[in-house]
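Source file final14.txt; content: compact mmCIF, N, CA and C atoms.
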```txt
# COMPACT_ATOMS: atom_id res chain seq x y z
N ALA A 1 -94.60 -1.26 27.39
CA ALA A 1 -94.26 -2.58 27.91
C ALA A 1 -95.54 -3.34 28.18
N MET A 2 -95.47 -4.63 28.10
CA MET A 2 -96.63 -5.47 28.37
C MET A 2 -96.18 -6.65 29.22
N LEU A 3 -97.01 -6.99 30.18
CA LEU A 3 -96.79 -8.17 31.00
C LEU A 3 -97.94 -9.12 30.71
N PHE A 4 -97.62 -10.31 30.24
CA PHE A 4 -98.64 -11.27 29.83
C PHE A 4 -98.29 -12.62 30.43
N THR A 5 -99.26 -13.26 31.05
CA THR A 5 -99.05 -14.62 31.54
C THR A 5 -100.07 -15.53 30.88
N TRP A 6 -99.70 -16.78 30.73
CA TRP A 6 -100.56 -17.75 30.09
C TRP A 6 -100.36 -19.10 30.76
N GLY A 7 -101.43 -19.83 30.94
CA GLY A 7 -101.30 -21.16 31.51
C GLY A 7 -102.63 -21.66 32.05
N ALA A 8 -102.61 -22.89 32.46
CA ALA A 8 -103.81 -23.53 32.99
C ALA A 8 -104.20 -22.90 34.32
N PRO A 9 -105.50 -22.95 34.67
CA PRO A 9 -105.94 -22.42 35.96
C PRO A 9 -105.20 -23.09 37.11
N GLY A 10 -104.86 -22.30 38.12
CA GLY A 10 -104.25 -22.84 39.32
C GLY A 10 -102.76 -23.09 39.24
N THR A 11 -102.10 -22.58 38.20
CA THR A 11 -100.66 -22.84 38.04
C THR A 11 -99.78 -21.74 38.60
N GLY A 12 -100.38 -20.70 39.20
CA GLY A 12 -99.58 -19.68 39.88
C GLY A 12 -99.34 -18.39 39.11
N LYS A 13 -100.08 -18.15 38.05
CA LYS A 13 -99.89 -16.93 37.26
C LYS A 13 -100.15 -15.68 38.09
N THR A 14 -101.27 -15.63 38.78
CA THR A 14 -101.62 -14.46 39.59
C THR A 14 -100.62 -14.27 40.72
N ARG A 15 -100.21 -15.35 41.36
CA ARG A 15 -99.25 -15.27 42.46
C ARG A 15 -97.91 -14.71 41.96
N GLU A 16 -97.46 -15.13 40.79
CA GLU A 16 -96.19 -14.64 40.25
C GLU A 16 -96.25 -13.15 39.92
N VAL A 17 -97.38 -12.72 39.39
CA VAL A 17 -97.51 -11.31 38.99
C VAL A 17 -97.77 -10.42 40.19
N PHE A 18 -98.71 -10.80 41.06
CA PHE A 18 -99.16 -9.93 42.15
C PHE A 18 -98.64 -10.34 43.52
N GLY A 19 -98.09 -11.52 43.67
CA GLY A 19 -97.64 -11.99 44.97
C GLY A 19 -98.75 -12.73 45.70
N GLY A 20 -98.47 -13.23 46.88
CA GLY A 20 -99.34 -13.98 47.78
C GLY A 20 -100.81 -14.07 47.46
N SER A 21 -101.61 -14.32 48.47
CA SER A 21 -103.04 -14.54 48.27
C SER A 21 -103.90 -13.38 48.72
N GLY A 22 -103.32 -12.33 49.28
CA GLY A 22 -104.12 -11.19 49.73
C GLY A 22 -104.58 -10.33 48.57
N SER A 23 -105.40 -9.34 48.88
CA SER A 23 -105.92 -8.48 47.82
C SER A 23 -104.95 -7.35 47.47
N GLU A 24 -103.93 -7.15 48.28
CA GLU A 24 -102.93 -6.11 47.98
C GLU A 24 -101.79 -6.71 47.17
N VAL A 25 -101.22 -5.89 46.32
CA VAL A 25 -100.08 -6.32 45.53
C VAL A 25 -98.85 -6.32 46.42
N CYS A 26 -98.13 -7.43 46.44
CA CYS A 26 -96.91 -7.56 47.24
C CYS A 26 -95.83 -6.63 46.68
N ARG A 27 -94.99 -6.11 47.55
CA ARG A 27 -93.94 -5.16 47.15
C ARG A 27 -92.80 -5.82 46.38
N ARG A 28 -92.66 -7.14 46.47
CA ARG A 28 -91.54 -7.83 45.81
C ARG A 28 -92.01 -8.70 44.65
N CYS A 29 -93.26 -8.54 44.22
CA CYS A 29 -93.76 -9.35 43.12
C CYS A 29 -93.37 -8.72 41.78
N LEU A 30 -93.61 -9.44 40.72
CA LEU A 30 -93.23 -9.00 39.39
C LEU A 30 -93.86 -7.66 39.01
N ALA A 31 -95.14 -7.47 39.29
CA ALA A 31 -95.81 -6.22 38.92
C ALA A 31 -95.21 -5.02 39.66
N SER A 32 -94.97 -5.15 40.95
CA SER A 32 -94.39 -4.04 41.71
C SER A 32 -92.96 -3.75 41.31
N LEU A 33 -92.17 -4.80 41.12
CA LEU A 33 -90.78 -4.59 40.71
C LEU A 33 -90.70 -3.92 39.35
N ALA A 34 -91.58 -4.32 38.43
CA ALA A 34 -91.60 -3.70 37.11
C ALA A 34 -92.00 -2.22 37.21
N ALA A 35 -93.00 -1.91 38.04
CA ALA A 35 -93.44 -0.52 38.21
C ALA A 35 -92.32 0.32 38.80
N GLN A 36 -91.64 -0.20 39.82
CA GLN A 36 -90.53 0.53 40.43
C GLN A 36 -89.42 0.79 39.42
N GLN A 37 -89.05 -0.23 38.66
CA GLN A 37 -87.97 -0.08 37.68
C GLN A 37 -88.37 0.89 36.57
N LEU A 38 -89.62 0.85 36.17
CA LEU A 38 -90.10 1.77 35.13
C LEU A 38 -89.89 3.22 35.55
N PHE A 39 -90.25 3.55 36.79
CA PHE A 39 -90.10 4.94 37.23
C PHE A 39 -88.65 5.29 37.53
N VAL A 40 -87.83 4.33 37.91
CA VAL A 40 -86.39 4.58 38.04
C VAL A 40 -85.83 4.94 36.67
N ASP A 41 -86.21 4.18 35.66
CA ASP A 41 -85.72 4.45 34.30
C ASP A 41 -86.22 5.80 33.78
N ILE A 42 -87.46 6.15 34.07
CA ILE A 42 -87.98 7.45 33.65
C ILE A 42 -87.18 8.56 34.32
N GLY A 43 -86.90 8.42 35.61
CA GLY A 43 -86.09 9.42 36.32
C GLY A 43 -84.71 9.56 35.73
N ARG A 44 -84.09 8.44 35.38
CA ARG A 44 -82.77 8.47 34.77
C ARG A 44 -82.81 9.17 33.42
N LEU A 45 -83.82 8.87 32.62
CA LEU A 45 -83.95 9.52 31.31
C LEU A 45 -84.21 11.02 31.45
N ARG A 46 -85.01 11.41 32.43
CA ARG A 46 -85.26 12.84 32.65
C ARG A 46 -83.98 13.57 33.05
N ALA A 47 -83.14 12.91 33.85
CA ALA A 47 -81.87 13.52 34.26
C ALA A 47 -80.92 13.63 33.07
N GLU A 48 -80.93 12.61 32.23
CA GLU A 48 -80.03 12.58 31.08
C GLU A 48 -80.51 13.50 29.95
N TYR A 49 -81.82 13.62 29.79
CA TYR A 49 -82.41 14.45 28.74
C TYR A 49 -83.40 15.42 29.37
N PRO A 50 -82.93 16.58 29.85
CA PRO A 50 -83.79 17.53 30.55
C PRO A 50 -85.01 17.99 29.75
N GLN A 51 -84.93 17.92 28.43
CA GLN A 51 -86.07 18.34 27.62
C GLN A 51 -87.26 17.38 27.76
N LEU A 52 -87.05 16.20 28.32
CA LEU A 52 -88.13 15.24 28.55
C LEU A 52 -88.80 15.53 29.88
N GLN A 53 -89.52 16.61 29.95
CA GLN A 53 -90.16 17.00 31.20
C GLN A 53 -91.38 16.14 31.53
N PHE A 54 -92.08 15.70 30.51
CA PHE A 54 -93.32 14.98 30.75
C PHE A 54 -93.20 13.55 30.25
N ALA A 55 -93.52 12.65 31.09
CA ALA A 55 -93.60 11.23 30.72
C ALA A 55 -94.89 10.70 31.30
N SER A 56 -95.63 10.01 30.51
CA SER A 56 -96.91 9.49 30.95
C SER A 56 -96.84 7.97 31.04
N VAL A 57 -97.28 7.44 32.14
CA VAL A 57 -97.37 6.00 32.30
C VAL A 57 -98.85 5.66 32.40
N ARG A 58 -99.32 4.89 31.45
CA ARG A 58 -100.71 4.46 31.46
C ARG A 58 -100.74 2.94 31.57
N ALA A 59 -101.73 2.44 32.27
CA ALA A 59 -101.84 1.00 32.48
C ALA A 59 -103.26 0.54 32.20
N SER A 60 -103.37 -0.66 31.71
CA SER A 60 -104.64 -1.36 31.56
C SER A 60 -104.48 -2.70 32.24
N ALA A 61 -105.56 -3.26 32.72
CA ALA A 61 -105.52 -4.58 33.35
C ALA A 61 -106.66 -5.41 32.77
N LEU A 62 -106.30 -6.44 32.05
CA LEU A 62 -107.28 -7.30 31.41
C LEU A 62 -107.13 -8.72 31.92
N GLU A 63 -108.24 -9.37 32.15
CA GLU A 63 -108.25 -10.79 32.49
C GLU A 63 -108.89 -11.51 31.32
N VAL A 64 -108.18 -12.44 30.75
CA VAL A 64 -108.70 -13.21 29.62
C VAL A 64 -108.98 -14.61 30.14
N GLY A 65 -110.22 -15.03 30.00
CA GLY A 65 -110.60 -16.37 30.43
C GLY A 65 -111.40 -17.03 29.33
N GLY A 66 -110.83 -18.03 28.71
CA GLY A 66 -111.51 -18.67 27.58
C GLY A 66 -111.68 -17.66 26.47
N ARG A 67 -112.92 -17.39 26.13
CA ARG A 67 -113.21 -16.42 25.06
C ARG A 67 -113.73 -15.10 25.60
N GLU A 68 -113.61 -14.89 26.89
CA GLU A 68 -114.09 -13.66 27.51
C GLU A 68 -112.92 -12.80 27.97
N ILE A 69 -113.11 -11.50 27.84
CA ILE A 69 -112.10 -10.54 28.29
C ILE A 69 -112.77 -9.63 29.31
N PHE A 70 -112.16 -9.49 30.47
CA PHE A 70 -112.68 -8.62 31.52
C PHE A 70 -111.72 -7.45 31.70
N ASP A 71 -112.26 -6.24 31.67
CA ASP A 71 -111.47 -5.03 31.87
C ASP A 71 -111.52 -4.71 33.36
N LEU A 72 -110.42 -4.91 34.07
CA LEU A 72 -110.41 -4.78 35.53
C LEU A 72 -110.38 -3.34 36.02
N PHE A 73 -110.22 -2.37 35.13
CA PHE A 73 -110.28 -0.96 35.52
C PHE A 73 -111.57 -0.28 35.07
N ALA A 74 -112.38 -0.93 34.24
CA ALA A 74 -113.61 -0.31 33.73
C ALA A 74 -114.74 -0.45 34.74
N GLY A 75 -115.68 0.48 34.70
CA GLY A 75 -116.87 0.39 35.54
C GLY A 75 -116.52 0.03 36.96
N LEU A 76 -115.79 0.88 37.63
CA LEU A 76 -115.21 0.54 38.92
C LEU A 76 -116.22 0.05 39.95
N SER A 77 -117.51 0.22 39.70
CA SER A 77 -118.50 -0.28 40.66
C SER A 77 -118.91 -1.72 40.34
N ALA A 78 -118.51 -2.23 39.19
CA ALA A 78 -118.89 -3.60 38.80
C ALA A 78 -117.66 -4.50 38.83
N ARG A 79 -117.82 -5.74 39.17
CA ARG A 79 -116.69 -6.67 39.22
C ARG A 79 -116.18 -6.99 37.82
N GLU A 80 -117.10 -7.27 36.91
CA GLU A 80 -116.67 -7.70 35.59
C GLU A 80 -117.26 -6.77 34.53
N THR A 81 -116.42 -6.29 33.67
CA THR A 81 -116.88 -5.52 32.53
C THR A 81 -116.39 -6.25 31.29
N HIS A 82 -117.32 -6.85 30.58
CA HIS A 82 -116.97 -7.62 29.39
C HIS A 82 -116.62 -6.68 28.24
N LEU A 83 -115.58 -7.01 27.53
CA LEU A 83 -115.29 -6.35 26.27
C LEU A 83 -115.84 -7.24 25.17
N PRO A 84 -116.35 -6.64 24.08
CA PRO A 84 -116.87 -7.47 22.99
C PRO A 84 -115.79 -8.42 22.46
N ARG A 85 -116.19 -9.60 22.08
CA ARG A 85 -115.24 -10.61 21.61
C ARG A 85 -114.44 -10.13 20.41
N ASP A 86 -115.03 -9.32 19.55
CA ASP A 86 -114.34 -8.87 18.34
C ASP A 86 -113.63 -7.53 18.52
N CYS A 87 -113.45 -7.10 19.75
CA CYS A 87 -112.82 -5.80 20.00
C CYS A 87 -111.30 -5.91 19.92
N ASP A 88 -110.66 -4.77 19.86
CA ASP A 88 -109.20 -4.68 19.99
C ASP A 88 -108.96 -4.31 21.45
N PRO A 89 -108.69 -5.28 22.34
CA PRO A 89 -108.61 -4.97 23.76
C PRO A 89 -107.55 -3.95 24.11
N LEU A 90 -106.48 -3.89 23.34
CA LEU A 90 -105.45 -2.90 23.64
C LEU A 90 -105.90 -1.50 23.28
N GLY A 91 -106.81 -1.39 22.32
CA GLY A 91 -107.32 -0.08 21.94
C GLY A 91 -108.56 0.34 22.71
N GLU A 92 -109.33 -0.63 23.20
CA GLU A 92 -110.60 -0.33 23.85
C GLU A 92 -110.57 -0.50 25.37
N ALA A 93 -109.50 -1.01 25.90
CA ALA A 93 -109.41 -1.23 27.34
C ALA A 93 -109.29 0.10 28.08
N THR A 94 -109.83 0.15 29.28
CA THR A 94 -109.70 1.33 30.12
C THR A 94 -108.23 1.54 30.46
N GLN A 95 -107.78 2.78 30.37
CA GLN A 95 -106.41 3.11 30.72
C GLN A 95 -106.43 4.04 31.93
N VAL A 96 -105.57 3.75 32.88
CA VAL A 96 -105.40 4.62 34.05
C VAL A 96 -103.99 5.18 33.98
N GLU A 97 -103.81 6.37 34.53
CA GLU A 97 -102.52 7.03 34.46
C GLU A 97 -101.90 7.14 35.84
N ALA A 98 -100.59 6.96 35.90
CA ALA A 98 -99.85 7.04 37.16
C ALA A 98 -98.64 7.94 36.98
N ALA A 99 -98.38 8.78 37.99
CA ALA A 99 -97.25 9.71 37.93
C ALA A 99 -96.04 9.19 38.71
N GLU A 100 -96.24 8.17 39.53
CA GLU A 100 -95.13 7.62 40.32
C GLU A 100 -95.41 6.16 40.62
N ALA A 101 -94.38 5.45 41.04
CA ALA A 101 -94.49 4.01 41.27
C ALA A 101 -95.54 3.68 42.33
N GLU A 102 -95.61 4.46 43.39
CA GLU A 102 -96.57 4.20 44.46
C GLU A 102 -98.01 4.28 43.95
N GLU A 103 -98.27 5.24 43.08
CA GLU A 103 -99.61 5.38 42.50
C GLU A 103 -99.93 4.17 41.61
N LEU A 104 -98.97 3.75 40.80
CA LEU A 104 -99.18 2.58 39.95
C LEU A 104 -99.38 1.33 40.81
N HIS A 105 -98.65 1.23 41.90
CA HIS A 105 -98.81 0.11 42.83
C HIS A 105 -100.25 0.07 43.36
N GLY A 106 -100.79 1.23 43.73
CA GLY A 106 -102.17 1.29 44.21
C GLY A 106 -103.18 0.87 43.15
N LEU A 107 -102.94 1.29 41.91
CA LEU A 107 -103.83 0.91 40.82
C LEU A 107 -103.77 -0.60 40.56
N LEU A 108 -102.58 -1.17 40.64
CA LEU A 108 -102.45 -2.61 40.46
C LEU A 108 -103.15 -3.36 41.59
N SER A 109 -103.12 -2.81 42.80
CA SER A 109 -103.85 -3.42 43.92
C SER A 109 -105.34 -3.41 43.65
N LEU A 110 -105.83 -2.33 43.05
CA LEU A 110 -107.24 -2.25 42.68
C LEU A 110 -107.58 -3.35 41.67
N ALA A 111 -106.75 -3.51 40.66
CA ALA A 111 -106.99 -4.56 39.67
C ALA A 111 -106.97 -5.93 40.34
N ARG A 112 -106.07 -6.13 41.27
CA ARG A 112 -105.98 -7.42 41.97
C ARG A 112 -107.26 -7.69 42.76
N ARG A 113 -107.77 -6.69 43.46
CA ARG A 113 -109.01 -6.87 44.23
C ARG A 113 -110.17 -7.20 43.30
N ARG A 114 -110.21 -6.58 42.15
CA ARG A 114 -111.32 -6.82 41.22
C ARG A 114 -111.19 -8.19 40.56
N TYR A 115 -109.98 -8.71 40.49
CA TYR A 115 -109.75 -10.03 39.90
C TYR A 115 -110.33 -11.13 40.78
N GLU A 116 -110.23 -10.95 42.10
CA GLU A 116 -110.65 -12.01 43.03
C GLU A 116 -112.14 -12.22 43.04
```

Can the structure from this file be put into structure tokens for me?
Amino acid sequence: AMLFTWGAPGTGKTREVFGGSGSEVCRRCLASLAAQQLFVDIGRLRAEYPQLQFASVRASALEVGGREIFDLFAGLSARETHLPRDCDPLGEATQVEAAEAEELHGLLSLARRRYE
């Protein structure tokens, strides 16, 4: 699954995805609701198909501004990690793994803090 927003600066894209103005991801925002539903669906599929013991959820967080791409999970000590303009961001972006919705929520909060 992919969540993508597009629009002019200041039109509310970040607020819609992450919620309010704080550095933590709101529990009722689009990103949190999607993470919760994703793990509900994984649980349902595991119950329905017991042979599906392992499911991996990996996430990347990219900020695209003009012609620059920032990997919000890369180089955790640096605010901005530029990806080369000619890269395949979906193939070269840092991926983090989460085993449950709460863990994914925490990772999204990290991306939100790095975005600010």

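You can rank A:Glu92, A:Glu100, A:Asp71, A:Glu16 by their closest distance to Val40 (chain A) using only C-alpha atoms, and at the top of that list sits A:Glu100.
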
Considering all atoms listed in the file, return as a PyMOL selection string whatever protein or nucleic-acid residues lie within 8 Å of Ala99 (chain A), sequence-local ones (same chain, fewer than 6 positions apart) excluded. chain A and resi 39+55-58

Straight-line distance linking CA of Thr94 (chain A) with CA of Ser109 (chain A), stated in Å to one decimal: 15.7 Å

Which neighbours of Ala31 (chain A) fall inside 8 Å, counting all atoms listed in the file, when residues of the same chain fewer than 5 positions from it are skipped, and could you give them as a list in words? Glu16, Val17, Phe18, Gly19, Val25, Cys26, Gln36, Gln37, Leu104, His105 and Leu108 of chain A

Kindly export the residues of the current selection with N, CA and C atoms, as a PDB file, in the coordinates of the input.
```
ATOM      1  N   GLU A  16     -97.460 -15.130  40.790  1.00  0.00           N
ATOM      2  CA  GLU A  16     -96.190 -14.640  40.250  1.00  0.00           C
ATOM      3  C   GLU A  16     -96.250 -13.150  39.920  1.00  0.00           C
ATOM      4  N   VAL A  17     -97.380 -12.720  39.390  1.00  0.00           N
ATOM      5  CA  VAL A  17     -97.510 -11.310  38.990  1.00  0.00           C
ATOM      6  C   VAL A  17     -97.770 -10.420  40.190  1.00  0.00           C
ATOM      7  N   PHE A  18     -98.710 -10.800  41.060  1.00  0.00           N
ATOM      8  CA  PHE A  18     -99.160  -9.930  42.150  1.00  0.00           C
ATOM      9  C   PHE A  18     -98.640 -10.340  43.520  1.00  0.00           C
ATOM     10  N   GLY A  19     -98.090 -11.520  43.670  1.00  0.00           N
ATOM     11  CA  GLY A  19     -97.640 -11.990  44.970  1.00  0.00           C
ATOM     12  C   GLY A  19     -98.750 -12.730  45.700  1.00  0.00           C
ATOM     13  N   VAL A  25    -101.220  -5.890  46.320  1.00  0.00           N
ATOM     14  CA  VAL A  25    -100.080  -6.320  45.530  1.00  0.00           C
ATOM     15  C   VAL A  25     -98.850  -6.320  46.420  1.00  0.00           C
ATOM     16  N   CYS A  26     -98.130  -7.430  46.440  1.00  0.00           N
ATOM     17  CA  CYS A  26     -96.910  -7.560  47.240  1.00  0.00           C
ATOM     18  C   CYS A  26     -95.830  -6.630  46.680  1.00  0.00           C
ATOM     19  N   GLN A  36     -91.640  -0.200  39.820  1.00  0.00           N
ATOM     20  CA  GLN A  36     -90.530   0.530  40.430  1.00  0.00           C
ATOM     21  C   GLN A  36     -89.420   0.790  39.420  1.00  0.00           C
ATOM     22  N   GLN A  37     -89.050  -0.230  38.660  1.00  0.00           N
ATOM     23  CA  GLN A  37     -87.970  -0.080  37.680  1.00  0.00           C
ATOM     24  C   GLN A  37     -88.370   0.890  36.570  1.00  0.00           C
ATOM     25  N   LEU A 104     -98.970   3.750  40.800  1.00  0.00           N
ATOM     26  CA  LEU A 104     -99.180   2.580  39.950  1.00  0.00           C
ATOM     27  C   LEU A 104     -99.380   1.330  40.810  1.00  0.00           C
ATOM     28  N   HIS A 105     -98.650   1.230  41.900  1.00  0.00           N
ATOM     29  CA  HIS A 105     -98.810   0.110  42.830  1.00  0.00           C
ATOM     30  C   HIS A 105    -100.250   0.070  43.360  1.00  0.00           C
ATOM     31  N   LEU A 108    -102.580  -1.170  40.640  1.00  0.00           N
ATOM     32  CA  LEU A 108    -102.450  -2.610  40.460  1.00  0.00           C
ATOM     33  C   LEU A 108    -103.150  -3.360  41.590  1.00  0.00           C
TER      34      LEU A 108
END
```

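Proximity ranking of A:Met2, A:Ala93, A:Leu30, A:Leu38 relative to Phe70 (chain A) places A:Ala93 first, based on only C-alpha atoms.
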
From a DSSP pass on the backbone, collect the residues of region 35-81 of chain A flagged as strand (DSSP E or B) and hand them back as a VMD selection string. chain A and resid 57 to 59 62 to 65 68 to 71

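If you measure from each of A:Arg15, A:Gln53, A:Glu102, A:Arg46 to Cys29 (chain A) using only N, CA and C atoms, the closest one turns out to be A:Arg15.
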
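Our summary of the geometry notes that CA of Val96 (chain A) is positioned 17.8 Å from CA of Phe4 (chain A).
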
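Atom pair CA of Gly10 (chain A) / CA of Gln95 (chain A) has a distance of 27.4 Å (rounded to one decimal).
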
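Using all atoms listed in the file, the nearest neighbour of Ala111 (chain A) within the list A:Ala47, A:Val64, A:Leu72, A:Ala35 is A:Leu72.
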
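The smallest atom-to-atom distance between Ser60 (chain A) and any of A:Arg113, A:Leu33, A:Gly12, A:Phe73, using all atoms listed in the file, is found for A:Phe73.
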
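Residue nearest Ala59 (chain A), chosen from A:Ala34, A:Arg28, A:Ala98, A:Gly20 and counting all atoms listed in the file: A:Ala98.
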
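Listed by chain and then by rising number, the residues of region 16-52 of chain A that DSSP assigns to helix (DSSP H, G or I) from the backbone are Glu16, Val17, Phe18, Leu30, Ala31, Ser32, Leu33, Ala34, Ala35, Gln36, Gln37, Leu38, Phe39, Val40, Asp41, Ile42, Gly43, Arg44, Leu45, Arg46, Ala47 and Glu48 of chain A.
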